[in-house]
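Have a look at structure38.txt; it's compact mmCIF, C-alpha atoms and all ligand atoms:
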```txt
# COMPACT_ATOMS: atom_id res chain seq x y z
CA MET A 1 138.86 143.19 131.07
CA THR A 2 137.79 145.81 133.60
CA ALA A 3 138.54 149.48 132.91
CA GLN A 4 142.08 150.51 133.79
CA HIS A 5 143.37 147.01 134.20
CA THR A 6 146.99 146.70 135.30
CA PHE A 7 148.85 143.61 134.14
CA ARG A 8 151.68 142.54 136.43
CA ILE A 9 154.59 141.38 134.30
CA ALA A 10 157.87 139.89 135.53
CA ALA A 11 160.75 140.84 133.22
CA ILE A 12 163.81 138.59 133.19
CA PRO A 13 166.27 139.94 130.60
CA ALA A 14 168.98 137.50 131.81
CA ASP A 15 172.09 137.34 129.60
CA GLY A 16 173.71 138.97 126.59
CA VAL A 17 171.32 140.37 124.00
CA GLY A 18 168.44 139.35 126.27
CA VAL A 19 168.92 142.72 127.99
CA GLU A 20 168.56 144.69 124.74
CA VAL A 21 165.62 142.77 123.32
CA VAL A 22 163.61 142.81 126.55
CA ALA A 23 164.08 146.60 126.67
CA ALA A 24 162.79 146.73 123.08
CA GLY A 25 159.69 144.65 123.82
CA ARG A 26 158.94 146.65 126.96
CA ALA A 27 159.14 149.91 125.00
CA VAL A 28 156.57 148.59 122.51
CA LEU A 29 154.23 147.37 125.25
CA ASP A 30 154.52 150.63 127.21
CA ALA A 31 153.77 152.58 124.01
CA LEU A 32 150.60 150.52 123.56
CA ALA A 33 149.57 151.10 127.16
CA GLY A 34 150.26 154.83 126.78
CA ALA A 35 147.96 154.93 123.76
CA SER A 36 145.17 152.98 125.47
CA ASN A 37 143.62 156.02 127.18
CA GLY A 38 144.10 154.40 130.55
CA ARG A 39 142.31 151.19 129.51
CA PHE A 40 145.30 149.09 130.57
CA SER A 41 148.81 149.46 131.87
CA PHE A 42 151.76 147.23 132.67
CA ALA A 43 153.33 147.07 136.13
CA TRP A 44 156.81 145.72 135.49
CA GLN A 45 159.10 144.11 137.98
CA GLU A 46 162.58 143.30 136.72
CA PHE A 47 164.50 140.32 138.08
CA PRO A 48 168.30 140.61 137.69
CA TRP A 49 168.89 136.89 137.25
CA GLY A 50 171.34 135.18 134.92
CA ALA A 51 175.10 134.72 134.64
CA ASP A 52 176.01 137.84 136.70
CA HIS A 53 173.72 136.66 139.48
CA TYR A 54 175.45 133.27 139.25
CA ALA A 55 178.88 134.92 139.65
CA ARG A 56 177.73 136.71 142.81
CA HIS A 57 175.47 134.10 144.41
CA GLY A 58 176.35 130.75 142.84
CA ARG A 59 172.85 130.37 141.38
CA MET A 60 171.11 131.63 138.26
CA MET A 61 168.05 132.86 140.17
CA ASP A 62 167.08 133.35 143.80
CA GLU A 63 166.37 130.20 145.74
CA ASP A 64 162.78 131.35 146.30
CA GLY A 65 162.62 132.79 142.76
CA LEU A 66 159.66 130.62 141.73
CA ASP A 67 157.63 131.95 144.66
CA GLN A 68 158.55 135.49 143.63
CA LEU A 69 157.21 134.83 140.12
CA ARG A 70 154.12 132.78 140.92
CA ASP A 71 151.54 135.57 141.09
CA PHE A 72 152.49 137.53 137.99
CA ASP A 73 150.13 137.63 135.02
CA ALA A 74 153.02 136.66 132.73
CA ILE A 75 156.79 136.45 132.49
CA TYR A 76 158.71 138.24 129.75
CA PHE A 77 162.10 136.59 129.24
CA GLY A 78 165.20 137.48 127.23
CA ALA A 79 167.89 134.86 126.75
CA VAL A 80 170.04 132.63 128.89
CA GLY A 81 173.67 131.62 128.50
CA TRP A 82 177.07 133.24 128.94
CA PRO A 83 180.61 131.90 128.47
CA THR A 84 181.42 132.15 132.22
CA VAL A 85 178.78 129.55 133.15
CA PRO A 86 178.55 126.06 131.62
CA ASP A 87 175.56 126.09 129.26
CA HIS A 88 173.79 123.19 130.95
CA VAL A 89 174.10 124.94 134.31
CA SER A 90 172.67 128.25 133.07
CA LEU A 91 169.87 126.61 131.08
CA TRP A 92 168.74 124.29 133.86
CA GLY A 93 169.24 126.97 136.51
CA LEU A 94 166.90 129.49 134.92
CA ARG A 95 164.91 128.89 131.74
CA LEU A 96 164.19 125.19 132.25
CA ARG A 97 163.64 125.64 135.97
CA ILE A 98 160.86 128.13 135.24
CA CYS A 99 159.34 126.19 132.30
CA GLN A 100 159.26 122.87 134.13
CA SER A 101 158.29 124.15 137.60
CA PHE A 102 155.40 126.18 136.17
CA ASP A 103 154.33 123.28 133.94
CA GLN A 104 154.62 125.40 130.81
CA TRP A 105 154.19 122.25 128.78
CA ALA A 106 153.28 123.83 125.44
CA ASN A 107 155.98 125.84 123.69
CA VAL A 108 154.45 127.55 120.66
CA ARG A 109 156.95 128.73 118.04
CA PRO A 110 155.40 130.33 114.94
CA VAL A 111 157.49 130.40 111.75
CA GLU A 112 156.51 133.65 110.03
CA PHE A 113 157.90 135.00 106.76
CA LEU A 114 158.01 138.79 106.82
CA PRO A 115 157.81 141.09 103.80
CA GLY A 116 161.13 142.33 102.48
CA ILE A 117 163.21 139.69 104.21
CA GLN A 118 165.27 137.36 102.05
CA SER A 119 164.73 133.67 102.76
CA PRO A 120 167.29 131.04 101.78
CA LEU A 121 164.35 129.06 100.35
CA ARG A 122 164.39 129.02 96.54
CA LYS A 123 160.92 130.52 96.11
CA ALA A 124 160.02 133.77 94.41
CA ASP A 125 157.53 134.70 97.13
CA THR A 126 157.68 133.33 100.64
CA THR A 127 155.17 135.68 102.29
CA ASP A 128 152.38 133.10 101.86
CA LEU A 129 154.30 130.60 104.00
CA SER A 130 153.44 130.23 107.67
CA TRP A 131 153.53 127.34 110.06
CA VAL A 132 153.78 126.75 113.80
CA VAL A 133 156.09 124.39 115.61
CA VAL A 134 154.51 123.08 118.81
CA ARG A 135 157.22 121.88 121.15
CA GLU A 136 156.50 119.50 124.00
CA ASN A 137 158.09 121.48 126.81
CA SER A 138 157.98 119.39 129.96
CA GLU A 139 159.49 115.96 129.38
CA GLY A 140 160.93 113.88 126.52
CA GLU A 141 164.66 114.37 126.01
CA TYR A 142 164.58 117.23 128.56
CA ALA A 143 163.34 115.08 131.44
CA GLY A 144 166.70 115.49 133.12
CA PHE A 145 167.13 111.81 134.01
CA GLY A 146 170.52 110.21 133.82
CA GLY A 147 173.97 110.43 135.23
CA ARG A 148 177.68 110.11 134.60
CA ASN A 149 180.46 107.86 135.87
CA PHE A 150 178.77 104.54 135.23
CA ALA A 151 181.29 101.77 134.93
CA GLY A 152 181.67 100.72 131.32
CA ARG A 153 181.53 97.02 130.41
CA ASP A 154 184.71 97.27 128.41
CA ASP A 155 187.38 99.80 127.77
CA ARG A 156 185.20 102.74 126.72
CA GLY A 157 186.08 105.06 129.57
CA GLU A 158 183.39 107.02 131.36
CA VAL A 159 179.78 106.22 130.53
CA ALA A 160 176.93 108.74 130.67
CA VAL A 161 173.25 107.87 130.48
CA GLN A 162 170.62 110.42 129.37
CA SER A 163 167.09 109.05 129.41
CA ALA A 164 164.13 110.51 127.57
CA VAL A 165 160.80 110.19 129.35
CA PHE A 166 157.50 110.08 127.46
CA THR A 167 154.27 109.74 129.39
CA GLU A 168 150.88 109.06 127.87
CA VAL A 169 149.48 112.17 129.59
CA GLY A 170 152.41 114.29 128.37
CA CYS A 171 152.06 113.08 124.78
CA GLU A 172 148.29 113.36 124.73
CA ARG A 173 148.07 116.91 126.06
CA ILE A 174 150.58 118.34 123.58
CA ILE A 175 149.06 116.44 120.66
CA ARG A 176 145.55 117.64 121.57
CA PHE A 177 146.94 121.18 121.86
CA ALA A 178 148.32 120.86 118.33
CA PHE A 179 144.98 119.63 116.96
CA ASP A 180 143.06 122.42 118.68
CA LEU A 181 145.52 124.96 117.27
CA ALA A 182 145.21 123.46 113.77
CA ARG A 183 141.44 124.01 113.91
CA THR A 184 142.05 127.76 114.26
CA ARG A 185 144.27 127.95 111.16
CA PRO A 186 143.38 128.24 107.45
CA ARG A 187 145.00 124.86 106.75
CA LYS A 188 143.70 122.33 109.26
CA LYS A 189 146.61 119.95 109.36
CA VAL A 190 148.88 118.46 112.04
CA SER A 191 152.23 116.90 111.22
CA SER A 192 153.52 114.72 114.04
CA VAL A 193 157.27 114.26 114.17
CA THR A 194 159.20 111.45 115.88
CA LYS A 195 162.11 109.13 115.26
CA SER A 196 160.12 106.08 116.25
CA ASN A 197 161.93 103.70 113.90
CA ALA A 198 165.01 104.09 116.09
CA GLN A 199 163.53 105.26 119.43
CA GLN A 200 161.31 102.25 119.86
CA TYR A 201 159.68 102.94 123.25
CA GLY A 202 158.87 106.58 123.98
CA MET A 203 158.39 107.66 120.40
CA VAL A 204 156.26 104.65 119.51
CA LEU A 205 154.06 105.60 122.48
CA TRP A 206 153.88 109.14 120.98
CA ASP A 207 152.88 107.71 117.57
CA ASP A 208 150.20 105.50 119.15
CA VAL A 209 148.73 108.43 121.09
CA PHE A 210 148.80 110.57 117.94
CA LYS A 211 146.81 107.94 115.99
CA ARG A 212 144.24 107.65 118.79
CA VAL A 213 143.76 111.40 119.29
CA ALA A 214 143.55 111.95 115.50
CA THR A 215 140.35 109.88 115.37
CA GLU A 216 138.66 112.61 117.45
CA TYR A 217 139.58 115.30 114.89
CA PRO A 218 138.26 113.92 111.56
CA ASP A 219 138.21 117.46 110.13
CA VAL A 220 141.99 117.83 110.57
CA GLU A 221 144.46 116.32 108.06
CA THR A 222 147.31 114.39 109.62
CA GLU A 223 150.69 112.95 108.79
CA SER A 224 153.42 111.21 110.82
CA VAL A 225 156.91 112.05 109.63
CA LEU A 226 160.35 111.04 110.87
CA VAL A 227 162.37 114.02 112.08
CA ASP A 228 165.06 113.69 109.41
CA ALA A 229 162.43 113.65 106.67
CA MET A 230 160.67 116.61 108.32
CA ALA A 231 163.91 118.63 108.24
CA ALA A 232 164.06 118.01 104.49
CA LYS A 233 160.39 118.88 104.13
CA PHE A 234 160.91 122.24 105.86
CA VAL A 235 163.31 123.10 103.03
CA LEU A 236 161.67 121.35 100.08
CA ARG A 237 157.89 121.52 100.72
CA PRO A 238 157.22 124.16 103.39
CA GLU A 239 153.89 125.07 101.75
CA ASP A 240 152.60 121.67 102.96
CA LEU A 241 152.98 122.60 106.66
CA SER A 242 150.55 124.13 109.14
CA VAL A 243 151.06 122.77 112.67
CA VAL A 244 154.12 120.63 113.38
CA VAL A 245 154.13 118.91 116.78
CA ALA A 246 157.27 117.28 118.11
CA SER A 247 159.15 116.28 121.24
CA ASN A 248 161.21 118.77 123.24
CA LEU A 249 164.53 118.24 121.44
CA ASN A 250 163.23 117.57 117.94
CA ALA A 251 160.98 120.64 118.02
CA ASP A 252 163.80 122.81 119.35
CA ILE A 253 165.96 121.86 116.38
CA LEU A 254 163.16 122.12 113.83
CA SER A 255 162.05 125.54 115.05
CA ASP A 256 165.59 126.89 114.69
CA LEU A 257 165.63 125.54 111.15
CA GLY A 258 162.26 127.18 110.51
CA SER A 259 163.40 130.58 111.74
CA ALA A 260 166.63 130.36 109.72
CA LEU A 261 164.51 129.62 106.64
CA ALA A 262 162.39 132.66 107.44
CA GLY A 263 165.57 134.74 107.37
CA SER A 264 167.10 134.77 110.84
CA LEU A 265 166.89 133.25 114.29
CA GLY A 266 166.46 136.79 115.53
CA LEU A 267 162.94 136.92 114.06
CA ALA A 268 161.41 133.99 115.91
CA ALA A 269 158.93 134.50 118.75
CA SER A 270 157.73 131.95 121.27
CA ALA A 271 155.28 131.32 124.09
CA ASN A 272 155.84 128.82 126.91
CA LEU A 273 152.29 128.18 127.97
CA ASN A 274 150.71 126.65 131.03
CA PRO A 275 147.37 126.22 129.25
CA GLU A 276 145.51 125.50 132.51
CA ARG A 277 146.63 128.94 133.79
CA ARG A 278 147.56 127.54 137.19
CA PHE A 279 150.96 129.21 136.78
CA PRO A 280 152.21 132.19 134.77
CA SER A 281 153.19 131.55 131.17
CA MET A 282 156.49 132.86 129.79
CA PHE A 283 157.17 134.68 126.52
CA GLU A 284 160.62 134.90 124.96
CA PRO A 285 162.42 135.08 121.63
CA VAL A 286 163.62 131.71 120.40
CA HIS A 287 167.20 132.94 120.09
CA GLY A 288 169.85 132.71 122.78
CA SER A 289 172.09 135.35 124.33
CA ALA A 290 174.44 135.83 121.31
CA PRO A 291 177.56 136.83 123.29
CA ASP A 292 179.36 137.74 120.04
CA ILE A 293 177.09 140.75 119.39
CA ALA A 294 175.80 141.53 122.90
CA GLY A 295 175.89 145.14 124.05
CA GLN A 296 176.50 146.57 120.58
CA GLY A 297 172.96 147.74 119.87
CA ILE A 298 172.76 145.69 116.67
CA CYS A 299 170.74 142.60 117.66
CA ASN A 300 167.39 141.92 116.07
CA PRO A 301 164.51 142.81 118.45
CA VAL A 302 161.77 141.34 116.22
CA GLY A 303 161.68 137.91 117.93
CA ALA A 304 161.26 139.57 121.31
CA ILE A 305 158.67 142.06 120.05
CA GLY A 306 156.76 139.19 118.39
CA SER A 307 156.89 137.36 121.73
CA ALA A 308 155.39 140.45 123.35
CA ALA A 309 152.55 140.14 120.79
CA LEU A 310 152.03 136.51 121.85
CA MET A 311 151.91 137.72 125.47
CA LEU A 312 149.25 140.31 124.55
CA GLU A 313 147.13 137.51 123.00
CA HIS A 314 147.50 135.50 126.19
CA LEU A 315 146.40 138.51 128.27
CA GLY A 316 143.29 138.92 126.11
CA LEU A 317 144.54 142.04 124.29
CA HIS A 318 143.82 140.63 120.83
CA ASP A 319 143.59 143.89 118.85
CA GLU A 320 146.83 145.11 120.40
CA ALA A 321 148.56 141.82 119.52
CA LYS A 322 147.45 142.22 115.89
CA ALA A 323 148.65 145.84 115.91
CA VAL A 324 152.13 144.79 117.03
CA GLN A 325 152.34 142.03 114.42
CA HIS A 326 151.18 144.45 111.73
CA ALA A 327 153.74 147.06 112.83
CA ILE A 328 156.51 144.43 112.62
CA GLU A 329 155.42 143.62 109.04
CA VAL A 330 155.28 147.26 107.97
CA THR A 331 158.70 147.94 109.52
CA SER A 332 160.39 145.03 107.75
CA GLY A 333 158.54 145.81 104.50
CA LYS A 334 159.93 149.36 104.62
CA GLY A 335 163.47 148.01 104.85
CA ILE A 336 164.10 149.00 108.47
CA ARG A 337 166.02 145.89 109.38
CA THR A 338 168.99 144.82 111.47
CA ARG A 339 172.10 143.41 109.82
CA ASP A 340 171.27 139.72 110.39
CA VAL A 341 168.46 140.27 107.85
CA GLY A 342 170.43 142.39 105.43
CA GLY A 343 169.78 145.85 106.88
CA THR A 344 171.82 148.53 108.58
CA ALA A 345 169.41 149.59 111.35
CA GLY A 346 170.21 149.16 115.04
CA THR A 347 168.04 147.51 117.68
CA GLU A 348 166.62 150.84 118.81
CA ASP A 349 165.90 152.00 115.24
CA VAL A 350 163.80 148.90 114.56
CA THR A 351 162.03 149.25 117.91
CA ALA A 352 161.24 152.93 117.27
CA ALA A 353 159.91 152.08 113.79
CA VAL A 354 157.63 149.36 115.20
CA ILE A 355 156.29 151.86 117.75
CA ASP A 356 155.75 154.45 115.00
CA HIS A 357 153.74 151.97 112.96
CA LEU A 358 151.42 150.83 115.74
CA SER A 359 147.91 151.64 114.62
CA LEU A 360 144.93 150.81 116.76
N1 LIG B 401 165.36 132.78 124.69
C1 LIG B 401 165.69 131.42 124.54
C2 LIG B 401 166.96 131.04 125.20
O1 LIG B 401 167.46 131.76 126.03
N2 LIG B 401 167.50 129.91 124.82
C3 LIG B 401 168.73 129.45 125.37
C4 LIG B 401 168.97 127.99 125.13
O2 LIG B 401 170.11 127.57 125.18
N3 LIG B 401 167.94 127.21 124.93
C5 LIG B 401 168.02 125.83 124.67
C6 LIG B 401 166.73 125.18 125.02
O3 LIG B 401 165.94 125.77 125.75
O4 LIG B 401 166.51 124.07 124.58
```
Represent the structure from my file as C-alpha cells, please.
Amino acid sequence: MTAQHTFRIAAIPADGVGVEVVAAGRAVLDALAGASNGRFSFAWQEFPWGADHYARHGRMMDEDGLDQLRDFDAIYFGAVGWPTVPDHVSLWGLRLRICQSFDQWANVRPVEFLPGIQSPLRKADTTDLSWVVVRENSEGEYAGFGGRNFAGRDDRGEVAVQSAVFTEVGCERIIRFAFDLARTRPRKKVSSVTKSNAQQYGMVLWDDVFKRVATEYPDVETESVLVDAMAAKFVLRPEDLSVVVASNLNADILSDLGSALAGSLGLAASANLNPERRFPSMFEPVHGSAPDIAGQGICNPVGAIGSAALMLEHLGLHDEAKAVQHAIEVTSGKGIRTRDVGGTAGTEDVTAAVIDHLSL
C-alpha cells in the first residue's frame, strides 16, 4: 500500500437493521483510519437502495446501479428485505443481483465462538471451536431457472419448476477455494456437503469433482457428508469441523445453524468474494433486516463489524483486521453485549466499546 492510500467503499445499508449495523461498521473503520496517522482513509459513498427505493422507483437499485458500483474497492452491505416488498423480489433485486453480476462466487462465513457468550451447545467451553462455511454463491439452487403456471398432468393445480444448476467449473472453483482455505487453518480438513443420494445429477457431479480435486491436496483431510447428517454434526461433533463447503442453499442453511450455535445470528460475518478481483467483493453480516427490532437501537452490530474486519483483510490491512477481531472478543468478554446474546447494551454501546478496545 502506498502512503496515504484512500480506499473507495460503496455502502449499501438497505433495509431495517441494515441501516444501524452499517453505521456501526463505518464508525469502527473510520476510527481505525483516524488512528492510522494518515496511512489510509476511507472514501465512502452511500447508496440509498432497498425497499424505500422500490416504493419510489419500482426497483430495489438504480437500473445502472452495477455500473455505479463497478470501480469501488469494496462494497459494504447491510441487509435486504422488508414487509412491503415480496422477499424474492427484494433479494433478487439487490443482494443477489450484485453477488451474481459481480461473480462473487465464494461466500465465506466463519463460525466464531466469542468469549462470554452462551452457546446452546452442551459444552463447558466453546471458545476453542471455530469453523468456516464456504458457500457456493453463483449457481446451484440459486441459479434462478424455472417458472410457474406449467400445466399439471393431473389435478394438482398450478405447477412450478425450480431448477438447480451445477457446472463443473462452478463446483471445481469453490471446492478448490475450500481446499486452499483449509491449508491456512490449524486443522487442514474439508468437509464437502451434498444431498447426492436424492439429488442424483448436480450433486453427484459435485461429489465427483470433490473426489478429483482432493487428490491434489493429499495434505488435507476430507470427508463427504449428506446435509442432514452435517446438520446433526454441527450440534453433536462441532470440534471435528474446519472448512465446510456446500452448495448455495445448503450452505446458507448450515451457516445460520452455525451462527445460532455460536450464540446468535447477529454475530455472524461474511464475505462475498470475487477471488479474481475483476469486480468488487461485498462484505455483509449474515443476518437479514430484522423488521421486528429495526430502528430501536438494540440490534447486534458484531456481525457487521466482523464483516468490516473481513473487508480489511481483503484490502490488505491485515493488522487492522486482527485489531477489530480482537476488540470484538474483548468487548464480548467484558459483558458488553446486546440482548440477543444475553446483555443489556444497545447497538451504539457495543460499537463504542469495540472502538475503545482497538489496539494497534
Ligand atoms: N445481510 C444478508 C441479507 O440481507 N440476507 C437477506 C436474505 O434474505 N438472504 C437470503 C439469501 O441470500 O440466501
For this session: Mind checking which residues fall within 10 Å of Ala11 of chain A, counting all atoms listed in the file, ignoring those fewer than 3 positions away in the same chain, and posting them as a PyMOL selection string?
Result: chain A and resi 8+14+19+22-23+26+44-49+69+74-78+282-283
Problem set entry | Selection as a list in words: residues within 7 Å of ligand LIG 401 (chain B) by all atoms listed in the file |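 What falls inside 7 Å of ligand LIG 401 (chain B) is Phe77, Gly78, Ala79, Val80, Gly81, Asp87, Leu91, Arg95, Leu96, Leu249, Asp252, Glu284, Pro285, Val286, His287, Gly288 and Ser289 of chain A.
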For this session: For atom CA of Ala269 of chain A and atom CA of Arg122 of chain A, determine how far apart the two atoms are, in Å to one decimal place.
Result: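 Calculated distance between atom CA of Ala269 of chain A and atom CA of Arg122 of chain A is 23.5 Å.
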For this session: Mind giving me the straight-line distance from atom CA of Gln118 of chain A to atom CA of Gly263 of chain A in Å, one decimal?
Result: 5.9 Å
For this session: Please provide the set of residues having any atom within 8 Å of segment 128-138 of chain A, restricted to all atoms listed in the file, with same-chain residues fewer than 4 positions apart removed, written as number ranges by chain.
Result: A: 99-100, 103-113, 142-143, 170-171, 174, 178, 238-239, 241-248, 251-252, 254-255, 272
For this session: Could you tell me how far atom CA of Phe145 of chain A lies from atom CA of Arg56 of chain A, in Å and to one decimal?
Result: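 The value is 28.5 Å.
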For this session: Extract, using all atoms listed in the file, all DNA, RNA and protein residues at most 12 Å from Lys233 of chain A, discarding same-chain residues fewer than 3 positions from it, and format them as JSON, numbers by chain.
Result: {"A": [121, 191, 193, 225, 226, 227, 228, 229, 230, 236, 237, 238, 239, 240, 241, 244, 254, 257, 258, 261]}
Exercise. What's the 9 Å shell around Phe279 of chain A, counting all atoms listed in the file, without same-chain residues fewer than 6 positions away, as a VMD selection string?
Worked result: chain A and resid 70 to 74 101 to 104 273
What does the file look like for those residues with C-alpha atoms, as a PDB file, in the frame of the given file?
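The resulting result-v9.pdb:
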```
ATOM      1  CA  ARG A  70     154.120 132.780 140.920  1.00  0.00           C
ATOM      2  CA  ASP A  71     151.540 135.570 141.090  1.00  0.00           C
ATOM      3  CA  PHE A  72     152.490 137.530 137.990  1.00  0.00           C
ATOM      4  CA  ASP A  73     150.130 137.630 135.020  1.00  0.00           C
ATOM      5  CA  ALA A  74     153.020 136.660 132.730  1.00  0.00           C
ATOM      6  CA  SER A 101     158.290 124.150 137.600  1.00  0.00           C
ATOM      7  CA  PHE A 102     155.400 126.180 136.170  1.00  0.00           C
ATOM      8  CA  ASP A 103     154.330 123.280 133.940  1.00  0.00           C
ATOM      9  CA  GLN A 104     154.620 125.400 130.810  1.00  0.00           C
ATOM     10  CA  LEU A 273     152.290 128.180 127.970  1.00  0.00           C
TER      11      LEU A 273
END
```
For this session: Go through A:Val213, A:Leu29, A:Ala304, A:Val235 and flag the residue nearest Phe7 of chain A, using only C-alpha atoms for the distances.
Result: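 Looking at the shortest contact to Phe7 of chain A, the residue is A:Leu29.
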Exercise. Which residue gives the smallest distance to Thr167 of chain A among A:Gly147, A:Ala35, A:Ala198, A:Trp206, with only C-alpha atoms counted?
Worked result: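 Looking only at the distances to Thr167 of chain A, the closest residue turns out to be A:Trp206.
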Problem set entry | Distance query Glu313 of chain A at most 12 Å, only C-alpha atoms, self and fewer than 6 positions along chain excluded, as an MDAnalysis selection string | chainID A and resid 74 271 273 281 283 306:307 319:325
Exercise. Looking at all atoms listed in the file, which of A:Arg337, A:Phe166, A:Gly202, A:Leu317 is the one that sits closest to His5 of chain A?
Worked result: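 Of the candidates, the smallest distance to His5 of chain A is held by A:Leu317.
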N, CA and C atoms for segment 177-197 of chain A, written as an mmCIF file, in the frame of the given file, could you do that?
```
data_model
loop_
_atom_site.group_PDB
_atom_site.id
_atom_site.type_symbol
_atom_site.label_atom_id
_atom_site.label_comp_id
_atom_site.auth_asym_id
_atom_site.auth_seq_id
_atom_site.Cartn_x
_atom_site.Cartn_y
_atom_site.Cartn_z
ATOM 1 N N PHE A 177 146.685 119.736 122.025
ATOM 2 C CA PHE A 177 146.940 121.180 121.860
ATOM 3 C C PHE A 177 147.181 121.494 120.392
ATOM 4 N N ALA A 178 147.989 120.641 119.742
ATOM 5 C CA ALA A 178 148.320 120.860 118.330
ATOM 6 C C ALA A 178 147.064 120.753 117.460
ATOM 7 N N PHE A 179 146.219 119.773 117.742
ATOM 8 C CA PHE A 179 144.980 119.630 116.960
ATOM 9 C C PHE A 179 144.060 120.832 117.173
ATOM 10 N N ASP A 180 143.930 121.272 118.410
ATOM 11 C CA ASP A 180 143.060 122.420 118.680
ATOM 12 C C ASP A 180 143.591 123.671 117.973
ATOM 13 N N LEU A 181 144.911 123.820 117.965
ATOM 14 C CA LEU A 181 145.520 124.960 117.270
ATOM 15 C C LEU A 181 145.266 124.863 115.758
ATOM 16 N N ALA A 182 145.407 123.654 115.222
ATOM 17 C CA ALA A 182 145.210 123.460 113.770
ATOM 18 C C ALA A 182 143.800 123.886 113.364
ATOM 19 N N ARG A 183 142.833 123.645 114.229
ATOM 20 C CA ARG A 183 141.440 124.010 113.910
ATOM 21 C C ARG A 183 141.250 125.513 113.772
ATOM 22 N N THR A 184 142.178 126.297 114.337
ATOM 23 C CA THR A 184 142.050 127.760 114.260
ATOM 24 C C THR A 184 142.764 128.320 113.034
ATOM 25 N N ARG A 185 143.432 127.468 112.251
ATOM 26 C CA ARG A 185 144.270 127.950 111.160
ATOM 27 C C ARG A 185 143.616 127.677 109.802
ATOM 28 N N PRO A 186 143.989 128.453 108.770
ATOM 29 C CA PRO A 186 143.380 128.240 107.450
ATOM 30 C C PRO A 186 143.574 126.798 106.963
ATOM 31 N N ARG A 187 144.762 126.255 107.122
ATOM 32 C CA ARG A 187 145.000 124.860 106.750
ATOM 33 C C ARG A 187 144.906 124.012 108.005
ATOM 34 N N LYS A 188 143.908 123.142 108.055
ATOM 35 C CA LYS A 188 143.700 122.330 109.260
ATOM 36 C C LYS A 188 144.493 121.041 109.101
ATOM 37 N N LYS A 189 145.728 121.111 109.540
ATOM 38 C CA LYS A 189 146.610 119.950 109.360
ATOM 39 C C LYS A 189 147.595 119.881 110.527
ATOM 40 N N VAL A 190 147.832 118.669 111.032
ATOM 41 C CA VAL A 190 148.880 118.460 112.040
ATOM 42 C C VAL A 190 149.879 117.438 111.520
ATOM 43 N N SER A 191 151.154 117.828 111.552
ATOM 44 C CA SER A 191 152.230 116.900 111.220
ATOM 45 C C SER A 191 152.896 116.492 112.528
ATOM 46 N N SER A 192 152.876 115.205 112.815
ATOM 47 C CA SER A 192 153.520 114.720 114.040
ATOM 48 C C SER A 192 154.902 114.192 113.688
ATOM 49 N N VAL A 193 155.881 114.578 114.493
ATOM 50 C CA VAL A 193 157.270 114.260 114.170
ATOM 51 C C VAL A 193 157.883 113.406 115.279
ATOM 52 N N THR A 194 158.449 112.275 114.912
ATOM 53 C CA THR A 194 159.200 111.450 115.880
ATOM 54 C C THR A 194 160.416 110.848 115.174
ATOM 55 N N LYS A 195 161.079 109.977 115.884
ATOM 56 C CA LYS A 195 162.110 109.130 115.260
ATOM 57 C C LYS A 195 161.833 107.722 115.786
ATOM 58 N N SER A 196 160.584 107.292 115.573
ATOM 59 C CA SER A 196 160.120 106.080 116.250
ATOM 60 C C SER A 196 160.647 104.798 115.606
ATOM 61 N N ASN A 197 161.289 104.917 114.435
ATOM 62 C CA ASN A 197 161.930 103.700 113.900
ATOM 63 C C ASN A 197 163.164 103.338 114.735
#
```
